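Colleague: One structure follows; several queries about it will come next.
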Amino acid sequence: MKLLGIVILYYPDDAVVKNIATYLAQLDELMLWDNTPVTDRRDLDLDSLGDGRGKIILDGCGENLGIGSALNKAVAYARANGFTHLLTLDQDSCFGERNFESYLRAIRSYGEDKAAIFSTNYFIKSQQTTMYPPTDSVDEVYSAMTSGSIYPVSLFDTLGDFMESLFVWGVDCEFCWRAKRKDIPVLCFKNILLTHDLGYQKKKRRLLGKEVFPNEYGPARSYYNVRNGILLHRLYPEALNLKSHLRYHFYKRVVFIILYERQKFSKLWALLCGYRDGLRGKSGKWK
């Protein structure tokens, strides 16, 4: 296995360097693609990674290209430089001690050359629990998040590249659902934990006597969550229940924004624009 990793940076803090240190040693190279606008970029202390610094490729074009486009830069680099597998990671994700080594051993044992998308279980920091019960099993799941997934590079010849027009939300799900239609499984190694967070949960609240934990996304992310859900439902009606999606990402968000969140007007406007553009079939970057 010749393994390339990619981390997409967007206004990263210093913790990203510590996160990188949990998996860098097992990678052949790591691409850091910076989606932060060039005027807001900051230098990271990559020299603290020691000899591993030489494995890191810094790239970007000075603006936010979205997730799909950045991932496809890594796919192109992997193809051009003879990599067999691609690991995709979020900047705030990290592995526990030796967990990444165990992940790679498990993939090799299962069959690294098999046509499959490999993924981890997740320890969700904000909820202090795992996504799936940790068991010593490899199970097929319907989709996997970008962070922690490993793709054989040959899959992109079969399935095509990541869907750039979604820009942010749903890029990982769409690729998994596309694979599913080609009978290519998404496999989860449930005893491998990647520490990760879902959404942007800041504070638990009380609503009608119940505890709620709203995702306080910014305006842009709120827009893409709604719009892309509508677009993906049209493409994969068997995979995405639109009523459930809108109940969580639109109707509940309206309530949470009004009751708890800042930037009320801009977030509510973003939700309405996302709903409108989804119905119109509009994709790409929200302008």
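By convention in this document, the chains of the structure tokens carry letters A, B, ... by their order, each chain's residues are numbered from 1, and ligands are numbered from 1 in the order they are shown.
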For Val141 of chain A, work out the shell of residues within 12 Å, counting only C-alpha atoms and skipping chain neighbours fewer than 5 positions away, then give it as a PyMOL selection string.
Modeller: chain A and resi 116-121+131-132+173+176-177+179-180+184-190+239
Colleague: Any idea what the distance is between atom CA of Gln26 of chain A and atom CA of Tyr122 of chain A?
Modeller: 19.6 Å
Colleague: Measure the distance from atom CA of Glu101 of chain A to atom CA of Trp169 of chain A in Å and round it to one decimal.
Modeller: 29.0 Å
Colleague: Which residues come within 12 Å of segment 240-252 of chain A, counting only C-alpha atoms, excluding same-chain residues fewer than 3 positions away, as a ChimeraX atom specification?
Modeller: /A:142-143,169-170,173-174,177,199,207,212-217,221-237,255-260,267-276,278-279
